[in-house]
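Asker: I have a structure I would like to understand better, so I am pasting it below and will then ask my questions one at a time.
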Protein chains: 2
Amino acid sequence: MKISTKGHYGVQAMFDLAQHYGEGPISLKSVAERQGLSEHYLEQLIAVLRKAGLVRSVRGAQGGYILARQPDDIKVGDIIRVLEGPIAPVECVNEEDAEQCHKAESCITRSVWEKVRNSIEDVLDSISLADMCKDAEKAKMNKNYYMYYI
Amino acid sequence: MKISTKGHYGVQAMFDLAQHYGEGPISLKSVAERQGLSEHYLEQLIAVLRKAGLVRSVRGAQGGYILARQPDDIKVGDIIRVLEGPIAPVECVNEEDAEQCHKAESCITRSVWEKVRNSIEDVLDSISLADMCKDAEKAKMNKNYYMYYI
DNA sequence: TTTAATTCCTAGTAGTTTACTTGGTATTCT
DNA sequence: AGAATACCAAGTAAACTACTAGGAATTAAA
């Protein structure tokens with residue numbers, strides 16, 4: 001019951017781009033450094049995100065990547081679906097794949113996986129990159145607050 | 001974002017045992033036939049469930065397996081955790097593993113995975129084998145109801 | 001007491017996936 | 001021109017998946 005590093009790193013990278021939204025193109029090198037990830041590996045992930053239309057790229061020196069939409073219009077679910085494929089704990093509840101178990105109608109275990117899928121989707125589609133940035137701001141302020149009293 | 005066939009088949013097998021709870025030991029052969037699974041492969045899964053104390057076995061002819069607790073006392077989450085390991089979409093929110101990311105406190109993406117983990121756990125721990133049996137009964141009655149009118 | 005049915009155990013295995021690394025080429029700013 | 005970047009293709013070691021194969025131990029029933 002895991003997501004791979006693709007989805008994991010992908011969300012980190014997109015969050016990083018959101019935190020620098022409005023500052024022009026952000027180089028992958030800087031993202032990789034801040035997030036502690038392999039730049040070459042990130043390259044492969046961001047290529048997928050670009051082809052899916054979630055980021056735009058600017059080539060050449062001083063180039064980099066920019067979110068294709070505003071941070072509040074990109075949900076974590078969008079990123080995960082692009083990098084990990086459709087959210088479906090087992091194949092037979094994959095909404096994007098018509099080919100399902102022949103006894104799907106009456107399959108009771110199937111309804112369990114549907115509930116799991118729906119709850120995952122609810123969470124992932126309820127959190128935008130803007131939400132994450134807000135949380136990061138809050139965490140930072142809390143830290144300063146506590147530091148004030150030390 | 002998938003569970004493997006271990007968890008998938010394991011839940012199917014346990015549900016099958018629940019549906020025959022009270023009928024004495026149920027042979028793996030019959031479970032495998034009803035559920036359309038490889039008996040030899042199921043053997044490996046049920047061995048894990050037995051070692052974890054979720055089923056008891058009876059050896060020899062007319063032997064088989066029996067749920068170790070009543071169907072309403074076994075949750076889908078119990079089965080999944082035994083067969084798939086702890087529920088954690090990424091390793092850094094694994095509750096049973098102390099070794100976590102050094103910046104865990106302030107990691108914003110981490111809190112996303114925590115929310116996902118919690119929602120999965122909520123669903124899986126809210127559904128018992130008895131619940132699934134009740135749903136199966138209902139599905140069966142609905143089918144009969146519709147057949148009556150055809 | 002034999003036989004058949006069953007659980008239990010160990011090992012092998014082909015294929016897939018993961019998480020990268022390597023080694024470039026193309027583009028653009030300075 | 002040179003440096004900084006995006007873009008691209010291929011390779012790879014290790015782990016994992018979903019089984020299969022083959023047999024030993026146990027027990028109810030004939």
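Identifiers in this document derive from the order of the structure tokens: chains are assigned A, B, ..., residues are numbered from 1 separately in each chain, and ligands are numbered from 1 in order of occurrence.
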Would you write out chain B as a compact mmCIF listing (two decimals) with N, CA and C atoms, in the first residue's frame, after superposing it on chain A by least squares over all in-order Cα pairs?
Answerer:
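Dumped everything to out.txt:
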# COMPACT_ATOMS: atom_id res chain seq x y z
N MET B 1 0.85 -1.21 -0.04
CA MET B 1 0.02 0.02 -0.04
C MET B 1 0.90 1.25 -0.07
N LYS B 2 1.71 1.33 -1.07
CA LYS B 2 2.70 2.40 -1.16
C LYS B 2 2.55 3.18 -2.47
N ILE B 3 2.93 4.45 -2.42
CA ILE B 3 3.21 5.11 -3.69
C ILE B 3 4.71 5.04 -3.87
N SER B 4 5.16 5.16 -5.12
CA SER B 4 6.59 5.08 -5.40
C SER B 4 7.21 6.47 -5.22
N THR B 5 8.53 6.48 -5.39
CA THR B 5 9.22 7.77 -5.28
C THR B 5 8.76 8.75 -6.36
N LYS B 6 8.24 8.22 -7.44
CA LYS B 6 7.74 9.13 -8.49
C LYS B 6 6.72 10.11 -7.92
N GLY B 7 5.69 9.56 -7.33
CA GLY B 7 4.64 10.39 -6.76
C GLY B 7 5.15 11.21 -5.58
N HIS B 8 5.95 10.57 -4.76
CA HIS B 8 6.49 11.21 -3.57
C HIS B 8 7.34 12.42 -3.95
N TYR B 9 8.35 12.19 -4.79
CA TYR B 9 9.24 13.27 -5.20
C TYR B 9 8.51 14.29 -6.05
N GLY B 10 7.61 13.80 -6.88
CA GLY B 10 6.86 14.70 -7.76
C GLY B 10 6.09 15.74 -6.98
N VAL B 11 5.44 15.31 -5.91
CA VAL B 11 4.69 16.26 -5.09
C VAL B 11 5.64 17.23 -4.40
N GLN B 12 6.77 16.72 -3.94
CA GLN B 12 7.76 17.60 -3.31
C GLN B 12 8.22 18.67 -4.30
N ALA B 13 8.51 18.24 -5.52
CA ALA B 13 8.99 19.19 -6.53
C ALA B 13 7.93 20.23 -6.88
N MET B 14 6.71 19.78 -7.05
CA MET B 14 5.63 20.71 -7.40
C MET B 14 5.36 21.68 -6.25
N PHE B 15 5.47 21.20 -5.04
CA PHE B 15 5.31 22.06 -3.87
C PHE B 15 6.42 23.12 -3.86
N ASP B 16 7.63 22.69 -4.20
CA ASP B 16 8.75 23.64 -4.27
C ASP B 16 8.47 24.72 -5.32
N LEU B 17 7.98 24.30 -6.48
CA LEU B 17 7.64 25.28 -7.53
C LEU B 17 6.54 26.22 -7.05
N ALA B 18 5.61 25.69 -6.29
CA ALA B 18 4.51 26.52 -5.78
C ALA B 18 5.05 27.57 -4.81
N GLN B 19 6.01 27.15 -4.00
CA GLN B 19 6.58 28.09 -3.03
C GLN B 19 7.35 29.22 -3.71
N HIS B 20 7.78 28.98 -4.95
CA HIS B 20 8.50 30.02 -5.69
C HIS B 20 7.67 30.55 -6.86
N TYR B 21 6.38 30.32 -6.78
CA TYR B 21 5.49 30.79 -7.87
C TYR B 21 5.55 32.31 -7.95
N GLY B 22 5.69 32.83 -9.17
CA GLY B 22 5.77 34.28 -9.35
C GLY B 22 7.20 34.79 -9.43
N GLU B 23 8.16 33.91 -9.23
CA GLU B 23 9.56 34.33 -9.29
C GLU B 23 10.21 33.97 -10.62
N GLY B 24 9.40 33.70 -11.64
CA GLY B 24 9.96 33.30 -12.93
C GLY B 24 10.35 31.84 -12.92
N PRO B 25 11.06 31.40 -13.97
CA PRO B 25 11.42 29.98 -14.06
C PRO B 25 12.37 29.56 -12.95
N ILE B 26 12.10 28.39 -12.37
CA ILE B 26 12.91 27.83 -11.28
C ILE B 26 13.68 26.63 -11.83
N SER B 27 14.97 26.64 -11.68
CA SER B 27 15.78 25.55 -12.25
C SER B 27 15.59 24.27 -11.44
N LEU B 28 15.66 23.15 -12.15
CA LEU B 28 15.53 21.85 -11.49
C LEU B 28 16.66 21.66 -10.50
N LYS B 29 17.82 22.20 -10.84
CA LYS B 29 18.97 22.05 -9.95
C LYS B 29 18.63 22.59 -8.56
N SER B 30 18.03 23.77 -8.53
CA SER B 30 17.72 24.37 -7.23
C SER B 30 16.63 23.58 -6.52
N VAL B 31 15.65 23.08 -7.26
CA VAL B 31 14.60 22.26 -6.66
C VAL B 31 15.23 21.02 -6.03
N ALA B 32 16.09 20.36 -6.83
CA ALA B 32 16.72 19.12 -6.37
C ALA B 32 17.55 19.37 -5.12
N GLU B 33 18.27 20.47 -5.10
CA GLU B 33 19.09 20.79 -3.92
C GLU B 33 18.22 21.03 -2.69
N ARG B 34 17.23 21.88 -2.85
CA ARG B 34 16.38 22.20 -1.69
C ARG B 34 15.68 20.97 -1.16
N GLN B 35 15.23 20.09 -2.07
CA GLN B 35 14.44 18.94 -1.65
C GLN B 35 15.30 17.70 -1.40
N GLY B 36 16.59 17.82 -1.71
CA GLY B 36 17.47 16.69 -1.47
C GLY B 36 17.21 15.51 -2.39
N LEU B 37 17.02 15.80 -3.67
CA LEU B 37 16.70 14.73 -4.63
C LEU B 37 17.72 14.73 -5.76
N SER B 38 17.80 13.61 -6.47
CA SER B 38 18.68 13.54 -7.64
C SER B 38 18.10 14.36 -8.78
N GLU B 39 18.94 15.26 -9.32
CA GLU B 39 18.45 16.15 -10.37
C GLU B 39 18.05 15.37 -11.62
N HIS B 40 18.90 14.41 -11.96
CA HIS B 40 18.66 13.63 -13.17
C HIS B 40 17.37 12.84 -13.08
N TYR B 41 17.11 12.35 -11.89
CA TYR B 41 15.88 11.56 -11.70
C TYR B 41 14.66 12.48 -11.74
N LEU B 42 14.79 13.64 -11.11
CA LEU B 42 13.70 14.62 -11.11
C LEU B 42 13.34 15.03 -12.55
N GLU B 43 14.39 15.14 -13.38
CA GLU B 43 14.21 15.46 -14.78
C GLU B 43 13.16 14.57 -15.44
N GLN B 44 13.28 13.28 -15.14
CA GLN B 44 12.36 12.32 -15.75
C GLN B 44 10.93 12.51 -15.25
N LEU B 45 10.84 12.84 -13.99
CA LEU B 45 9.51 13.01 -13.42
C LEU B 45 8.86 14.28 -13.97
N ILE B 46 9.66 15.34 -14.04
CA ILE B 46 9.08 16.61 -14.47
C ILE B 46 8.72 16.58 -15.95
N ALA B 47 9.43 15.73 -16.70
CA ALA B 47 9.09 15.57 -18.12
C ALA B 47 7.67 15.05 -18.25
N VAL B 48 7.31 14.14 -17.37
CA VAL B 48 5.95 13.58 -17.38
C VAL B 48 4.94 14.66 -16.99
N LEU B 49 5.30 15.44 -15.99
CA LEU B 49 4.39 16.51 -15.53
C LEU B 49 4.23 17.58 -16.61
N ARG B 50 5.30 17.81 -17.35
CA ARG B 50 5.23 18.80 -18.44
C ARG B 50 4.32 18.30 -19.55
N LYS B 51 4.51 17.04 -19.93
CA LYS B 51 3.69 16.47 -21.02
C LYS B 51 2.23 16.45 -20.62
N ALA B 52 1.98 16.33 -19.31
CA ALA B 52 0.60 16.31 -18.83
C ALA B 52 0.04 17.72 -18.66
N GLY B 53 0.88 18.73 -18.90
CA GLY B 53 0.39 20.10 -18.85
C GLY B 53 0.31 20.70 -17.46
N LEU B 54 1.03 20.14 -16.50
CA LEU B 54 1.00 20.71 -15.14
C LEU B 54 2.08 21.74 -14.93
N VAL B 55 3.19 21.65 -15.69
CA VAL B 55 4.23 22.67 -15.62
C VAL B 55 4.62 23.11 -17.04
N ARG B 56 5.14 24.34 -17.14
CA ARG B 56 5.71 24.83 -18.38
C ARG B 56 7.22 24.92 -18.17
N SER B 57 7.96 24.78 -19.27
CA SER B 57 9.41 24.88 -19.13
C SER B 57 9.93 26.08 -19.93
N VAL B 58 11.06 26.59 -19.50
CA VAL B 58 11.78 27.65 -20.22
C VAL B 58 13.19 27.14 -20.42
N ARG B 59 13.59 27.00 -21.66
CA ARG B 59 14.89 26.40 -21.95
C ARG B 59 16.01 27.43 -21.88
N GLY B 60 17.24 26.92 -21.87
CA GLY B 60 18.42 27.78 -21.90
C GLY B 60 18.82 28.27 -20.53
N ALA B 61 19.92 29.03 -20.50
CA ALA B 61 20.42 29.57 -19.23
C ALA B 61 19.34 30.42 -18.59
N GLN B 62 19.31 30.41 -17.27
CA GLN B 62 18.26 31.12 -16.51
C GLN B 62 16.86 30.55 -16.78
N GLY B 63 16.86 29.41 -17.42
CA GLY B 63 15.57 28.75 -17.65
C GLY B 63 15.13 27.98 -16.43
N GLY B 64 14.10 27.18 -16.65
CA GLY B 64 13.59 26.38 -15.53
C GLY B 64 12.14 26.02 -15.74
N TYR B 65 11.45 25.82 -14.64
CA TYR B 65 10.06 25.37 -14.73
C TYR B 65 9.14 26.30 -13.95
N ILE B 66 7.91 26.43 -14.45
CA ILE B 66 6.89 27.25 -13.81
C ILE B 66 5.60 26.43 -13.79
N LEU B 67 4.86 26.50 -12.72
CA LEU B 67 3.56 25.84 -12.68
C LEU B 67 2.70 26.35 -13.83
N ALA B 68 2.00 25.46 -14.49
CA ALA B 68 1.18 25.86 -15.63
C ALA B 68 -0.13 26.51 -15.19
N ARG B 69 -0.54 26.24 -13.96
CA ARG B 69 -1.74 26.88 -13.40
C ARG B 69 -1.40 27.44 -12.02
N GLN B 70 -2.28 28.24 -11.50
CA GLN B 70 -2.04 28.79 -10.18
C GLN B 70 -2.04 27.68 -9.12
N PRO B 71 -1.26 27.89 -8.05
CA PRO B 71 -1.12 26.85 -7.02
C PRO B 71 -2.46 26.39 -6.43
N ASP B 72 -3.45 27.26 -6.39
CA ASP B 72 -4.72 26.80 -5.82
C ASP B 72 -5.53 26.00 -6.83
N ASP B 73 -5.04 25.92 -8.06
CA ASP B 73 -5.75 25.17 -9.10
C ASP B 73 -5.05 23.84 -9.41
N ILE B 74 -4.06 23.50 -8.64
CA ILE B 74 -3.38 22.21 -8.83
C ILE B 74 -3.50 21.42 -7.53
N LYS B 75 -4.17 20.29 -7.63
CA LYS B 75 -4.37 19.44 -6.45
C LYS B 75 -3.31 18.35 -6.42
N VAL B 76 -3.04 17.86 -5.25
CA VAL B 76 -2.09 16.75 -5.11
C VAL B 76 -2.56 15.56 -5.95
N GLY B 77 -3.86 15.35 -6.00
CA GLY B 77 -4.40 14.26 -6.80
C GLY B 77 -4.04 14.36 -8.27
N ASP B 78 -3.97 15.59 -8.80
CA ASP B 78 -3.58 15.77 -10.21
C ASP B 78 -2.17 15.23 -10.43
N ILE B 79 -1.29 15.55 -9.50
CA ILE B 79 0.12 15.16 -9.62
C ILE B 79 0.26 13.64 -9.50
N ILE B 80 -0.40 13.09 -8.50
CA ILE B 80 -0.29 11.65 -8.26
C ILE B 80 -0.84 10.86 -9.45
N ARG B 81 -1.97 11.30 -9.98
CA ARG B 81 -2.55 10.55 -11.10
C ARG B 81 -1.63 10.56 -12.31
N VAL B 82 -0.96 11.69 -12.54
CA VAL B 82 -0.05 11.78 -13.68
C VAL B 82 1.16 10.87 -13.49
N LEU B 83 1.71 10.85 -12.28
CA LEU B 83 2.97 10.13 -12.06
C LEU B 83 2.77 8.67 -11.68
N GLU B 84 1.65 8.36 -11.06
CA GLU B 84 1.44 7.00 -10.56
C GLU B 84 0.35 6.26 -11.32
N GLY B 85 -0.32 6.94 -12.20
CA GLY B 85 -1.45 6.32 -12.87
C GLY B 85 -2.69 6.49 -12.02
N PRO B 86 -3.83 6.01 -12.54
CA PRO B 86 -5.10 6.20 -11.86
C PRO B 86 -5.08 5.65 -10.44
N ILE B 87 -5.78 6.33 -9.57
CA ILE B 87 -5.85 5.90 -8.18
C ILE B 87 -6.80 4.72 -8.08
N ALA B 88 -6.24 3.55 -7.77
CA ALA B 88 -7.05 2.33 -7.68
C ALA B 88 -6.27 1.31 -6.88
N PRO B 89 -6.68 1.05 -5.63
CA PRO B 89 -5.93 0.12 -4.80
C PRO B 89 -5.83 -1.28 -5.40
N VAL B 90 -6.85 -1.69 -6.15
CA VAL B 90 -6.74 -2.90 -6.96
C VAL B 90 -7.30 -2.59 -8.34
N GLU B 91 -6.82 -3.32 -9.34
CA GLU B 91 -7.11 -2.97 -10.73
C GLU B 91 -8.62 -2.93 -11.02
N CYS B 92 -9.38 -3.77 -10.32
CA CYS B 92 -10.80 -3.89 -10.68
C CYS B 92 -11.64 -2.69 -10.25
N VAL B 93 -11.05 -1.73 -9.53
CA VAL B 93 -11.80 -0.49 -9.25
C VAL B 93 -11.17 0.70 -9.95
N ASN B 94 -10.42 0.42 -11.02
CA ASN B 94 -9.82 1.47 -11.83
C ASN B 94 -10.88 2.09 -12.72
N GLU B 95 -11.18 3.35 -12.43
CA GLU B 95 -12.27 4.02 -13.14
C GLU B 95 -11.95 4.30 -14.61
N GLU B 96 -10.65 4.37 -14.92
CA GLU B 96 -10.26 4.71 -16.29
C GLU B 96 -10.05 3.47 -17.14
N ASP B 97 -10.35 2.35 -16.60
CA ASP B 97 -10.13 1.11 -17.32
C ASP B 97 -11.44 0.31 -17.32
N ALA B 98 -12.01 0.16 -18.48
CA ALA B 98 -13.32 -0.48 -18.57
C ALA B 98 -13.27 -1.96 -18.20
N GLU B 99 -12.15 -2.60 -18.50
CA GLU B 99 -12.03 -4.03 -18.32
C GLU B 99 -12.03 -4.41 -16.83
N GLN B 100 -13.17 -4.84 -16.37
CA GLN B 100 -13.29 -5.15 -14.95
C GLN B 100 -13.70 -6.61 -14.75
N CYS B 101 -13.58 -7.01 -13.51
CA CYS B 101 -13.95 -8.36 -13.11
C CYS B 101 -15.38 -8.66 -13.57
N HIS B 102 -15.59 -9.87 -14.07
CA HIS B 102 -16.90 -10.21 -14.64
C HIS B 102 -18.00 -10.22 -13.59
N LYS B 103 -17.60 -10.48 -12.32
CA LYS B 103 -18.62 -10.51 -11.28
C LYS B 103 -18.65 -9.20 -10.48
N ALA B 104 -18.21 -8.12 -11.16
CA ALA B 104 -18.07 -6.83 -10.49
C ALA B 104 -19.34 -6.38 -9.77
N GLU B 105 -20.45 -6.61 -10.38
CA GLU B 105 -21.74 -6.15 -9.83
C GLU B 105 -21.94 -6.61 -8.39
N SER B 106 -21.70 -7.88 -8.19
CA SER B 106 -22.05 -8.45 -6.89
C SER B 106 -20.82 -8.73 -6.03
N CYS B 107 -19.64 -8.24 -6.45
CA CYS B 107 -18.43 -8.56 -5.70
C CYS B 107 -18.34 -7.68 -4.46
N ILE B 108 -18.31 -8.34 -3.32
CA ILE B 108 -18.32 -7.60 -2.06
C ILE B 108 -16.95 -7.02 -1.74
N THR B 109 -15.89 -7.79 -2.00
CA THR B 109 -14.57 -7.24 -1.71
C THR B 109 -14.32 -6.02 -2.60
N ARG B 110 -14.84 -6.07 -3.80
CA ARG B 110 -14.68 -4.92 -4.69
C ARG B 110 -15.20 -3.64 -4.05
N SER B 111 -16.32 -3.73 -3.36
CA SER B 111 -16.89 -2.52 -2.77
C SER B 111 -16.01 -1.98 -1.65
N VAL B 112 -15.22 -2.86 -1.04
CA VAL B 112 -14.24 -2.39 -0.04
C VAL B 112 -13.20 -1.52 -0.73
N TRP B 113 -12.68 -2.02 -1.86
CA TRP B 113 -11.63 -1.26 -2.56
C TRP B 113 -12.18 0.04 -3.12
N GLU B 114 -13.44 0.03 -3.50
CA GLU B 114 -14.05 1.28 -3.96
C GLU B 114 -14.08 2.32 -2.85
N LYS B 115 -14.41 1.87 -1.65
CA LYS B 115 -14.45 2.81 -0.53
C LYS B 115 -13.06 3.36 -0.23
N VAL B 116 -12.07 2.46 -0.31
CA VAL B 116 -10.68 2.91 -0.08
C VAL B 116 -10.29 3.92 -1.16
N ARG B 117 -10.56 3.57 -2.40
CA ARG B 117 -10.23 4.48 -3.50
C ARG B 117 -10.87 5.84 -3.30
N ASN B 118 -12.15 5.83 -2.97
CA ASN B 118 -12.85 7.10 -2.82
C ASN B 118 -12.27 7.94 -1.69
N SER B 119 -11.90 7.28 -0.62
CA SER B 119 -11.38 8.07 0.50
C SER B 119 -10.01 8.65 0.16
N ILE B 120 -9.21 7.89 -0.59
CA ILE B 120 -7.91 8.43 -1.03
C ILE B 120 -8.13 9.61 -1.97
N GLU B 121 -9.04 9.43 -2.92
CA GLU B 121 -9.30 10.51 -3.87
C GLU B 121 -9.81 11.75 -3.17
N ASP B 122 -10.68 11.55 -2.20
CA ASP B 122 -11.21 12.71 -1.46
C ASP B 122 -10.09 13.52 -0.83
N VAL B 123 -9.16 12.80 -0.20
CA VAL B 123 -8.06 13.52 0.46
C VAL B 123 -7.19 14.21 -0.58
N LEU B 124 -6.75 13.46 -1.59
CA LEU B 124 -5.78 14.00 -2.54
C LEU B 124 -6.36 15.14 -3.38
N ASP B 125 -7.66 15.06 -3.64
CA ASP B 125 -8.28 16.11 -4.46
C ASP B 125 -8.74 17.30 -3.62
N SER B 126 -8.59 17.19 -2.31
CA SER B 126 -9.01 18.30 -1.45
C SER B 126 -7.82 19.19 -1.08
N ILE B 127 -6.60 18.72 -1.40
CA ILE B 127 -5.41 19.49 -1.02
C ILE B 127 -4.75 20.08 -2.26
N SER B 128 -4.68 21.42 -2.29
CA SER B 128 -4.02 22.08 -3.42
C SER B 128 -2.61 22.48 -3.00
N LEU B 129 -1.78 22.80 -3.98
CA LEU B 129 -0.43 23.28 -3.68
C LEU B 129 -0.51 24.56 -2.85
N ALA B 130 -1.52 25.38 -3.11
CA ALA B 130 -1.69 26.61 -2.32
C ALA B 130 -1.95 26.27 -0.86
N ASP B 131 -2.76 25.25 -0.62
CA ASP B 131 -3.01 24.81 0.77
C ASP B 131 -1.69 24.43 1.45
N MET B 132 -0.87 23.71 0.71
CA MET B 132 0.41 23.28 1.29
C MET B 132 1.29 24.48 1.61
N CYS B 133 1.28 25.48 0.73
CA CYS B 133 2.08 26.69 0.97
C CYS B 133 1.58 27.41 2.23
N LYS B 134 0.26 27.46 2.38
CA LYS B 134 -0.31 28.10 3.57
C LYS B 134 0.15 27.36 4.83
N ASP B 135 0.09 26.03 4.78
CA ASP B 135 0.52 25.23 5.93
C ASP B 135 1.99 25.49 6.25
N ALA B 136 2.79 25.62 5.19
CA ALA B 136 4.22 25.87 5.40
C ALA B 136 4.42 27.22 6.08
N GLU B 137 3.65 28.21 5.67
CA GLU B 137 3.71 29.54 6.31
C GLU B 137 3.38 29.43 7.79
N LYS B 138 2.30 28.72 8.06
CA LYS B 138 1.86 28.55 9.45
C LYS B 138 2.94 27.88 10.28
N ALA B 139 3.51 26.79 9.72
CA ALA B 139 4.55 26.04 10.44
C ALA B 139 5.72 26.96 10.75
N LYS B 140 6.05 27.80 9.80
CA LYS B 140 7.15 28.73 9.95
C LYS B 140 6.84 29.74 11.07
N MET B 141 5.63 30.27 11.06
CA MET B 141 5.24 31.25 12.08
C MET B 141 5.24 30.63 13.47
N ASN B 142 4.74 29.41 13.58
CA ASN B 142 4.74 28.71 14.86
C ASN B 142 6.17 28.59 15.40
N LYS B 143 7.06 28.22 14.49
CA LYS B 143 8.45 28.05 14.87
C LYS B 143 9.00 29.37 15.43
N ASN B 144 8.72 30.47 14.71
CA ASN B 144 9.19 31.78 15.17
C ASN B 144 8.58 32.12 16.52
N TYR B 145 7.30 31.81 16.67
CA TYR B 145 6.60 32.10 17.90
C TYR B 145 7.29 31.42 19.08
N TYR B 146 7.58 30.14 18.90
CA TYR B 146 8.22 29.41 19.98
C TYR B 146 9.61 29.95 20.23
N MET B 147 10.32 30.29 19.17
CA MET B 147 11.67 30.81 19.33
C MET B 147 11.67 32.10 20.15
N TYR B 148 10.64 32.88 19.99
CA TYR B 148 10.53 34.16 20.71
C TYR B 148 10.59 33.95 22.21
N TYR B 149 10.04 32.84 22.66
CA TYR B 149 9.95 32.59 24.10
C TYR B 149 11.16 31.87 24.67
N ILE B 150 12.05 31.43 23.80
CA ILE B 150 13.23 30.70 24.29
C ILE B 150 14.28 31.70 24.80
Asker: List every residue of chain A that DSSP, applied to the backbone of this structure, places in helix (DSSP H, G or I), and write the result as number ranges by chain.
Answerer: A: 5-19, 28-35, 39-51, 71-73, 76-84, 91-93, 104-106, 108-126, 129-149
Asker: Would you give me, as a list in words, the residues in stretch 45-124 of chain A that DSSP reads as strand (DSSP E or B)?
Answerer: Val55, Arg56, Ser57, Val58, Gly64, Tyr65, Ile66, Leu67 and Lys75 of chain A
Asker: Once you have the residues from the selection above, write them out as an mmCIF file, in the first residue's frame, restricted to N, CA and C atoms.
Answerer:
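The new file selection.cif reads:
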data_model
loop_
_atom_site.group_PDB
_atom_site.id
_atom_site.type_symbol
_atom_site.label_atom_id
_atom_site.label_comp_id
_atom_site.auth_asym_id
_atom_site.auth_seq_id
_atom_site.Cartn_x
_atom_site.Cartn_y
_atom_site.Cartn_z
ATOM 1 N N VAL A 55 3.192 21.651 -15.695
ATOM 2 C CA VAL A 55 4.243 22.675 -15.623
ATOM 3 C C VAL A 55 4.633 23.105 -17.037
ATOM 4 N N ARG A 56 5.166 24.318 -17.126
ATOM 5 C CA ARG A 56 5.735 24.810 -18.369
ATOM 6 C C ARG A 56 7.236 24.896 -18.175
ATOM 7 N N SER A 57 7.988 24.775 -19.274
ATOM 8 C CA SER A 57 9.442 24.877 -19.142
ATOM 9 C C SER A 57 9.953 26.070 -19.945
ATOM 10 N N VAL A 58 11.084 26.584 -19.495
ATOM 11 C CA VAL A 58 11.782 27.643 -20.227
ATOM 12 C C VAL A 58 13.207 27.149 -20.436
ATOM 13 N N GLY A 64 14.124 27.167 -16.643
ATOM 14 C CA GLY A 64 13.613 26.382 -15.536
ATOM 15 C C GLY A 64 12.162 26.011 -15.747
ATOM 16 N N TYR A 65 11.462 25.799 -14.634
ATOM 17 C CA TYR A 65 10.073 25.363 -14.714
ATOM 18 C C TYR A 65 9.157 26.294 -13.937
ATOM 19 N N ILE A 66 7.929 26.413 -14.443
ATOM 20 C CA ILE A 66 6.893 27.230 -13.809
ATOM 21 C C ILE A 66 5.613 26.415 -13.789
ATOM 22 N N LEU A 67 4.864 26.502 -12.715
ATOM 23 C CA LEU A 67 3.556 25.845 -12.677
ATOM 24 C C LEU A 67 2.695 26.363 -13.830
ATOM 25 N N LYS A 75 -4.187 20.282 -7.635
ATOM 26 C CA LYS A 75 -4.395 19.426 -6.473
ATOM 27 C C LYS A 75 -3.343 18.337 -6.430
#
Asker: Tell me the residues of chain D close to chain A, meaning within 6 Å using only C-alpha atoms (C1' of nucleotides), as a VMD selection string.
Answerer: chain D and resid 4 to 6
Asker: May I ask you to extract the residues of chain C within 9 Å of chain B, using only C-alpha atoms (C1' of nucleotides), and to give them as a count of residues only?
Answerer: 5
